[in-house]
file work_21.cif (mmCIF, C-alpha atoms)
data_final
#
loop_
_atom_site.label_atom_id
_atom_site.label_comp_id
_atom_site.auth_asym_id
_atom_site.auth_seq_id
_atom_site.Cartn_x
_atom_site.Cartn_y
_atom_site.Cartn_z
CA MET A 1 3.48 -18.54 16.88
CA SER A 2 7.21 -17.99 16.77
CA THR A 3 8.48 -14.93 14.92
CA GLY A 4 12.17 -15.57 15.42
CA PRO A 5 14.91 -15.35 12.79
CA GLU A 6 13.62 -18.46 10.99
CA MET A 7 10.50 -16.44 10.14
CA ALA A 8 12.43 -13.48 8.76
CA ASP A 9 13.15 -12.21 5.23
CA ASP A 10 13.11 -14.18 2.00
CA HIS A 11 11.59 -17.47 0.92
CA ARG A 12 14.77 -19.48 1.10
CA GLY A 13 15.08 -22.39 -1.29
CA VAL A 14 11.85 -21.53 -3.13
CA PRO A 15 12.29 -20.48 -6.77
CA ASP A 16 11.17 -17.04 -7.85
CA GLY A 17 7.82 -17.02 -9.61
CA THR A 18 6.43 -20.08 -7.80
CA PRO A 19 2.67 -19.39 -7.57
CA GLY A 20 1.37 -18.98 -4.05
CA ARG A 21 4.69 -19.93 -2.50
CA ASP A 22 4.45 -20.21 1.28
CA LEU A 23 1.42 -17.91 1.32
CA ASP A 24 -0.42 -19.97 3.95
CA ARG A 25 2.30 -19.19 6.46
CA VAL A 26 1.03 -16.61 8.96
CA THR A 27 3.11 -14.88 11.62
CA THR A 28 2.49 -12.15 14.16
CA GLY A 29 4.86 -9.71 15.83
CA LEU A 30 7.38 -7.89 13.65
CA PRO A 31 7.52 -8.87 9.98
CA ASN A 32 11.32 -8.69 9.87
CA PRO A 33 12.74 -9.73 13.26
CA GLY A 34 16.24 -8.40 13.67
CA ARG A 35 16.02 -5.76 10.94
CA ARG A 36 17.16 -2.38 12.25
CA TRP A 37 16.78 1.20 11.10
CA LYS A 38 19.82 2.52 9.30
CA ARG A 39 21.50 5.69 10.47
CA GLY A 40 19.70 8.75 9.12
CA ASP A 41 16.60 6.84 7.99
CA LEU A 42 14.23 8.59 10.39
CA ASN A 43 14.13 12.37 10.60
CA LEU A 44 12.53 14.35 13.42
CA ALA A 45 9.08 14.51 11.76
CA PHE A 46 9.02 10.75 11.36
CA ARG A 47 10.09 10.21 14.95
CA ILE A 48 7.41 12.56 16.30
CA THR A 49 4.68 10.97 14.20
CA ALA A 50 5.78 7.43 15.01
CA LEU A 51 5.74 8.22 18.73
CA PHE A 52 1.95 8.55 18.58
CA VAL A 53 0.81 6.59 15.52
CA ILE A 54 2.77 3.34 15.82
CA PRO A 55 1.78 2.42 19.41
CA THR A 56 -1.86 3.26 18.64
CA PHE A 57 -2.04 1.02 15.60
CA ARG A 58 -0.01 -1.76 17.13
CA PHE A 59 -2.62 -1.76 19.88
CA THR A 60 -5.77 -1.47 17.79
CA ALA A 61 -4.62 -3.60 14.81
CA ARG A 62 -3.37 -7.11 15.44
CA TYR A 63 -1.18 -7.56 12.38
CA HIS A 64 -1.03 -11.02 10.82
CA TRP A 65 1.65 -11.34 8.14
CA HIS A 66 0.98 -13.84 5.36
CA GLY A 67 3.72 -15.59 3.45
CA ALA A 68 7.47 -15.23 3.61
CA ASN A 69 7.52 -12.24 1.25
CA ARG A 70 8.79 -9.14 2.95
CA LEU A 71 9.64 -5.64 1.74
CA PRO A 72 13.25 -5.28 0.59
CA ALA A 73 15.61 -3.82 3.18
CA ASP A 74 17.29 -1.51 0.66
CA GLY A 75 16.69 0.20 -2.63
CA ALA A 76 13.79 1.89 -4.32
CA PHE A 77 10.45 0.27 -5.07
CA VAL A 78 6.82 1.18 -5.66
CA LEU A 79 4.29 -0.39 -3.28
CA ALA A 80 0.72 -0.71 -4.60
CA PRO A 81 -1.96 -1.65 -1.99
CA ASN A 82 -5.72 -2.10 -2.23
CA HIS A 83 -7.80 0.76 -0.81
CA TYR A 84 -11.25 0.62 0.76
CA THR A 85 -11.34 2.73 3.95
CA ASN A 86 -10.10 6.16 4.98
CA ILE A 87 -7.88 4.64 7.66
CA ASP A 88 -5.94 2.53 5.12
CA PRO A 89 -2.94 4.88 4.82
CA LEU A 90 -2.24 4.72 8.57
CA VAL A 91 -2.63 0.94 8.65
CA VAL A 92 -0.47 0.48 5.53
CA GLY A 93 2.04 3.09 6.70
CA THR A 94 2.40 1.29 10.03
CA ALA A 95 2.94 -2.03 8.22
CA VAL A 96 5.72 -0.47 6.12
CA TYR A 97 7.23 1.21 9.20
CA LEU A 98 7.27 -2.11 11.06
CA SER A 99 9.16 -3.51 8.05
CA ARG A 100 11.78 -0.84 8.79
CA ARG A 101 11.16 1.20 5.66
CA GLN A 102 9.94 4.79 5.61
CA PRO A 103 6.31 4.97 4.45
CA ARG A 104 5.91 7.74 1.88
CA PHE A 105 2.75 8.41 -0.08
CA LEU A 106 1.44 10.41 -2.97
CA ALA A 107 -1.17 12.25 -0.85
CA LYS A 108 -3.98 14.72 -1.50
CA ALA A 109 -2.58 18.26 -1.51
CA SER A 110 -5.43 19.46 0.72
CA LEU A 111 -3.97 17.48 3.63
CA PHE A 112 -0.83 19.61 3.48
CA ARG A 113 -2.91 22.70 4.23
CA VAL A 114 -4.14 21.30 7.56
CA PRO A 115 -2.31 22.97 10.49
CA VAL A 116 0.30 20.77 12.18
CA LEU A 117 -0.59 17.74 10.02
CA GLY A 118 0.64 19.53 6.91
CA LYS A 119 3.94 20.41 8.56
CA LEU A 120 4.48 16.83 9.69
CA MET A 121 3.63 15.43 6.26
CA SER A 122 6.01 17.82 4.53
CA GLY A 123 8.70 17.03 7.08
CA MET A 124 8.29 13.30 6.46
CA GLY A 125 8.69 13.77 2.71
CA GLN A 126 5.13 12.91 1.73
CA ILE A 127 4.28 14.06 -1.79
CA PRO A 128 1.34 16.44 -2.37
CA VAL A 129 -0.86 15.73 -5.38
CA GLU A 130 -3.63 18.05 -6.52
CA ARG A 131 -6.99 16.56 -7.54
CA SER A 132 -5.99 17.21 -11.14
CA GLY A 133 -3.12 14.79 -10.60
CA ARG A 134 -0.38 17.44 -10.59
CA THR A 135 2.30 17.70 -7.92
CA ARG A 136 4.31 20.75 -6.94
CA ILE A 137 6.91 19.57 -9.41
CA SER A 138 6.56 20.13 -13.15
CA ASP A 139 4.87 16.85 -14.01
CA PRO A 140 2.21 14.73 -12.29
CA LEU A 141 4.56 11.94 -11.17
CA GLY A 142 7.68 14.00 -10.52
CA GLY A 143 7.35 13.66 -6.75
CA GLY A 144 7.32 9.89 -6.93
CA ARG A 145 10.19 9.93 -9.39
CA SER A 146 12.38 12.11 -7.17
CA LEU A 147 11.79 9.80 -4.22
CA VAL A 148 12.61 6.69 -6.23
CA GLU A 149 15.76 8.31 -7.60
CA SER A 150 16.98 8.88 -4.04
CA GLY A 151 16.66 5.15 -3.33
CA GLY A 152 13.43 5.44 -1.38
CA ALA A 153 10.08 3.73 -1.57
CA VAL A 154 6.78 5.26 -2.55
CA ILE A 155 3.28 3.98 -1.77
CA VAL A 156 0.81 4.58 -4.59
CA TYR A 157 -2.84 3.51 -4.47
CA PRO A 158 -3.48 2.37 -8.05
CA GLU A 159 -7.26 2.70 -7.62
CA GLY A 160 -6.74 6.41 -6.91
CA THR A 161 -9.54 6.50 -4.32
CA LEU A 162 -11.60 4.15 -2.16
CA THR A 163 -12.92 1.27 -4.24
CA ARG A 164 -16.47 1.72 -5.50
CA ASP A 165 -17.01 -2.04 -5.55
CA PRO A 166 -19.97 -2.72 -3.21
CA ASP A 167 -18.17 -5.70 -1.65
CA LEU A 168 -14.83 -3.87 -1.27
CA TRP A 169 -12.96 -5.78 -3.99
CA PRO A 170 -10.25 -3.87 -5.90
CA MET A 171 -11.73 -1.90 -8.78
CA ARG A 172 -10.26 -0.67 -12.07
CA GLY A 173 -6.78 0.80 -11.58
CA LYS A 174 -5.10 3.97 -12.79
CA THR A 175 -1.67 3.99 -14.38
CA GLY A 176 0.46 6.10 -12.00
CA ALA A 177 2.05 3.26 -10.01
CA VAL A 178 3.04 1.37 -13.14
CA ARG A 179 4.40 4.49 -14.83
CA ILE A 180 6.67 5.34 -11.87
CA ALA A 181 7.98 1.75 -11.75
CA LEU A 182 8.63 1.57 -15.50
CA GLU A 183 10.14 5.04 -15.88
CA ASN A 184 12.57 4.37 -13.02
CA ASP A 185 13.14 0.64 -13.61
CA VAL A 186 12.31 -0.31 -10.02
CA PRO A 187 10.25 -3.19 -8.58
CA LEU A 188 6.48 -2.81 -8.41
CA ILE A 189 5.26 -4.68 -5.33
CA PRO A 190 1.56 -5.50 -4.93
CA MET A 191 0.14 -5.47 -1.41
CA ALA A 192 -3.18 -6.50 0.10
CA HIS A 193 -4.71 -5.98 3.51
CA TRP A 194 -8.04 -6.98 5.01
CA GLY A 195 -9.68 -6.09 8.31
CA THR A 196 -9.26 -2.31 8.42
CA GLN A 197 -13.02 -1.91 7.90
CA GLN A 198 -13.39 -3.14 11.48
CA ILE A 199 -11.36 -0.13 12.66
CA MET A 200 -13.09 2.42 10.42
CA ALA A 201 -15.92 1.75 7.99
CA ARG A 202 -15.74 3.06 4.43
CA TYR A 203 -16.28 6.86 4.40
CA SER A 204 -16.66 6.92 8.19
CA ASN A 205 -14.60 9.21 10.42
CA LYS A 206 -15.32 7.15 13.53
CA LEU A 207 -12.44 5.06 14.86
CA ARG A 208 -13.01 1.82 16.74
CA LEU A 209 -9.83 1.36 18.72
CA PHE A 210 -11.09 -1.34 21.09
CA PRO A 211 -11.36 -4.25 21.11
CA PRO A 212 -8.34 -4.77 18.83
CA SER A 213 -9.12 -5.90 15.28
CA ARG A 214 -7.27 -8.50 13.27
CA VAL A 215 -5.65 -7.01 10.16
CA ASP A 216 -4.18 -9.43 7.62
CA ILE A 217 -1.28 -8.22 5.47
CA VAL A 218 0.51 -9.73 2.50
CA PHE A 219 3.28 -8.27 0.35
CA GLY A 220 3.36 -10.05 -2.99
CA ASP A 221 6.23 -10.82 -5.32
CA PRO A 222 7.16 -7.92 -7.61
CA VAL A 223 4.91 -7.79 -10.67
CA ASP A 224 6.65 -9.19 -13.74
CA LEU A 225 6.97 -6.14 -15.99
CA SER A 226 9.74 -7.61 -18.16
CA ALA A 227 7.51 -7.52 -21.24
CA TYR A 228 7.20 -3.74 -20.86
CA ARG A 229 10.60 -2.61 -19.63
CA GLY A 230 12.92 -0.98 -22.14
CA ARG A 231 10.08 -0.13 -24.53
CA PRO A 232 8.69 3.32 -25.27
CA ILE A 233 5.94 3.99 -22.74
CA ASP A 234 2.52 4.63 -24.23
CA GLN A 235 -1.01 4.62 -22.86
CA GLN A 236 -1.89 1.15 -24.14
CA MET A 237 1.18 -0.32 -22.45
CA LEU A 238 0.30 1.40 -19.17
CA ILE A 239 -3.29 0.14 -19.31
CA GLU A 240 -2.16 -3.44 -19.95
CA ALA A 241 0.46 -3.37 -17.18
CA THR A 242 -1.99 -1.76 -14.76
CA ALA A 243 -4.51 -4.54 -15.44
CA LEU A 244 -1.76 -7.03 -14.60
CA LEU A 245 -1.02 -5.17 -11.35
CA MET A 246 -4.69 -5.15 -10.37
CA ASP A 247 -4.87 -8.90 -11.09
CA ARG A 248 -1.99 -9.50 -8.66
CA ILE A 249 -3.52 -7.29 -5.96
CA THR A 250 -6.91 -9.00 -6.37
CA GLU A 251 -5.32 -12.44 -6.06
CA LEU A 252 -3.72 -11.38 -2.78
CA VAL A 253 -7.03 -10.01 -1.48
CA GLU A 254 -8.68 -13.32 -2.42
CA GLN A 255 -6.08 -15.13 -0.36
CA LEU A 256 -6.71 -12.97 2.70
CA ARG A 257 -10.51 -13.12 2.41
CA GLY A 258 -10.72 -16.79 1.44
CA GLU A 259 -13.16 -15.85 -1.34
CA ARG A 260 -13.18 -15.43 -5.09
CA ALA A 261 -13.46 -11.94 -6.51
CA PRO A 262 -16.10 -11.19 -9.16
CA ALA A 263 -15.06 -12.21 -12.66
CA ALA A 264 -15.38 -8.63 -13.91
CA ARG A 265 -13.52 -5.87 -12.08
CA TRP A 266 -15.68 -2.95 -10.96
CA ASP A 267 -15.54 0.04 -13.30
CA PRO A 268 -17.02 3.28 -11.87
CA SER A 269 -17.66 4.82 -15.29
CA ALA A 270 -19.61 1.76 -16.41
CA ASN A 271 -21.75 2.11 -13.29
CA ASN A 272 -22.39 5.86 -13.65
CA GLN A 273 -20.24 6.74 -10.64
CA LYS A 274 -17.91 9.67 -10.13
CA GLU A 275 -14.38 8.69 -9.15
CA THR A 276 -14.04 11.34 -6.44
CA GLY A 277 -16.14 11.98 -3.36
CA LYS A 278 -18.52 9.68 -1.51
CA PHE A 279 -20.99 7.57 -3.40
CA GLU A 280 -22.80 5.80 -0.54
#
call {"tool": "encode", "arguments": {"input": "work_21.cif", "output": "structure tokens"}}
result
Amino acid sequence: MSTGPEMADDHRGVPDGTPGRDLDRVTTGLPNPGRRWKRGDLNLAFRITALFVIPTFRFTARYHWHGANRLPADGAFVLAPNHYTNIDPLVVGTAVYLSRRQPRFLAKASLFRVPVLGKLMSGMGQIPVERSGRTRISDPLGGGRSLVESGGAVIVYPEGTLTRDPDLWPMRGKTGAVRIALENDVPLIPMAHWGTQQIMARYSNKLRLFPPSRVDIVFGDPVDLSAYRGRPIDQQMLIEATALLMDRITELVEQLRGERAPAARWDPSANNQKETGKFE
């Protein structure tokens, strides 16, 4: 299938807010043909990491891009993907990198203490978060805020951990992604992917690099947070807006899977599950 300029950015001529616009369109190759890195976008740590990671995941994951929605070329935004395997950050990070944006995450602080890996993550500007939810900065979301203020993009998993749903559907979300988007008045973009479980099963550390696996990706329209912007932020608002975000992510996952999600979203506390560590 062609991935030339006619397949590039934007959904030309289609009004914003049109449900499901052009979502059946699937392309391979680069998601944004012709888009180039801007001077200074990639530092040495990014270049070193990309030298090894990007070719590996372009080989082992056959990316299929759904719809005409693509990540914006400029400006800050929060990207909120679904999360169901330990390999997700590399698959999602590669998808963002191929869109010519720097993938930056709120990541577990313990990863920064791993030799070599920790240095690379710090060098790339990844943001360490302790299990308590606190970053090295004075408040829990300060790292994400500082990145957004510099015009960057930050990837936040709203589920906070691998979904506990037995069929890998998105579960109840946490409020961090919404809070960063509202406090900084930037777009909140839902994302869904499906197929990474063929590369690494949930909670497994075993990679299956061959044969290549199909991975389907869709970046949704920014979540409409207009009802919440400009108002004092409180917990009830964050819970409502997070439910809206999880609805959008679930709809995208439904599209990729060709199935309907359960009517009730999985809630770990209602199922006597801890929200950290393995449960299988």
call {"tool": "atom_distance", "arguments": {"input": "work_21.cif", "atom1": "CA of Ile239 (chain A)", "atom2": "CA of Arg172 (chain A)"}}
result
10.1 Å
call {"tool": "closest_residue", "arguments": {"input": "work_21.cif", "among": "A:Glu183, A:Ala270, A:Leu209, A:Trp194", "to": "Arg231 (chain A)", "atoms": "all atoms listed in the file"}}
result
A:Glu183
call {"tool": "resolve_selection", "arguments": {"input": "work_21.cif", "expression": "the PyMOL selection byres ((chain A and resi 225) around 12)", "output": "MDAnalysis selection string"}}
result
chainID A and resid 178:179 181:183 185:189 221:224 226:231 237:238 240:245
call {"tool": "resolve_selection", "arguments": {"input": "work_21.cif", "expression": "the PyMOL selection byres ((chain A and resi 41-52) around 8)", "output": "list in words"}}
result
Trp37, Lys38, Arg39, Gly40, Val53, Ile54, Pro55, Thr56, Gln102, Leu120, Met121, Gly123 and Met124 of chain A
call {"tool": "write_last_selection", "arguments": {"input": "work_21.cif", "atoms": "C-alpha atoms", "output": "CSV table (one decimal), keeping the file's coordinate frame"}}
result
chain,number,residue,atom,x,y,z
A,37,TRP,CA,16.8,1.2,11.1
A,38,LYS,CA,19.8,2.5,9.3
A,39,ARG,CA,21.5,5.7,10.5
A,40,GLY,CA,19.7,8.8,9.1
A,53,VAL,CA,0.8,6.6,15.5
A,54,ILE,CA,2.8,3.3,15.8
A,55,PRO,CA,1.8,2.4,19.4
A,56,THR,CA,-1.9,3.3,18.6
A,102,GLN,CA,9.9,4.8,5.6
A,120,LEU,CA,4.5,16.8,9.7
A,121,MET,CA,3.6,15.4,6.3
A,123,GLY,CA,8.7,17.0,7.1
A,124,MET,CA,8.3,13.3,6.5
call {"tool": "atom_distance", "arguments": {"input": "work_21.cif", "atom1": "CA of Gly176 (chain A)", "atom2": "CA of Pro232 (chain A)"}}
result
15.9 Å
call {"tool": "closest_residue", "arguments": {"input": "work_21.cif", "among": "A:Leu79, A:Met171, A:Val156, A:Val215", "to": "Phe59 (chain A)", "atoms": "all atoms listed in the file"}}
result
A:Val215
call {"tool": "closest_residue", "arguments": {"input": "work_21.cif", "among": "A:Asp247, A:Ile217, A:Phe112, A:Pro190", "to": "Leu30 (chain A)", "atoms": "all atoms listed in the file"}}
result
A:Ile217
call {"tool": "residues_around", "arguments": {"input": "work_21.cif", "residues": "Arg214 (chain A)", "least_positions_apart": "4", "cutoff": "8 Å", "atoms": "all atoms listed in the file", "output": "JSON, numbers by chain"}}
result
{"A": [61, 62, 63, 64, 195]}
call {"tool": "resolve_selection", "arguments": {"input": "work_21.cif", "expression": "the PyMOL selection byres ((chain A and resi 99-101) around 9)", "output": "count of residues only"}}
result
23
call {"tool": "atom_distance", "arguments": {"input": "work_21.cif", "atom1": "CA of Lys119 (chain A)", "atom2": "CA of Ile87 (chain A)"}}
result
19.7 Å
call {"tool": "residues_around", "arguments": {"input": "work_21.cif", "residues": "Asn271 (chain A)", "least_positions_apart": "5", "cutoff": "10 Å", "atoms": "all atoms listed in the file", "output": "JSON, numbers by chain"}}
result
{"A": [164, 165, 266]}
call {"tool": "closest_residue", "arguments": {"input": "work_21.cif", "among": "A:Ala80, A:Val26, A:Ile155, A:Val91", "to": "Ser213 (chain A)", "atoms": "all atoms listed in the file"}}
result
A:Val91
call {"tool": "residues_around", "arguments": {"input": "work_21.cif", "residues": "Ala261 (chain A)", "least_positions_apart": "6", "cutoff": "12 Å", "atoms": "all atoms listed in the file", "output": "list in words"}}
result
Asp165, Pro166, Asp167, Leu168, Trp169, Pro170, Met171, Met246, Asp247, Arg248, Ile249, Thr250, Glu251, Leu252, Val253, Glu254 and Gln255 of chain A
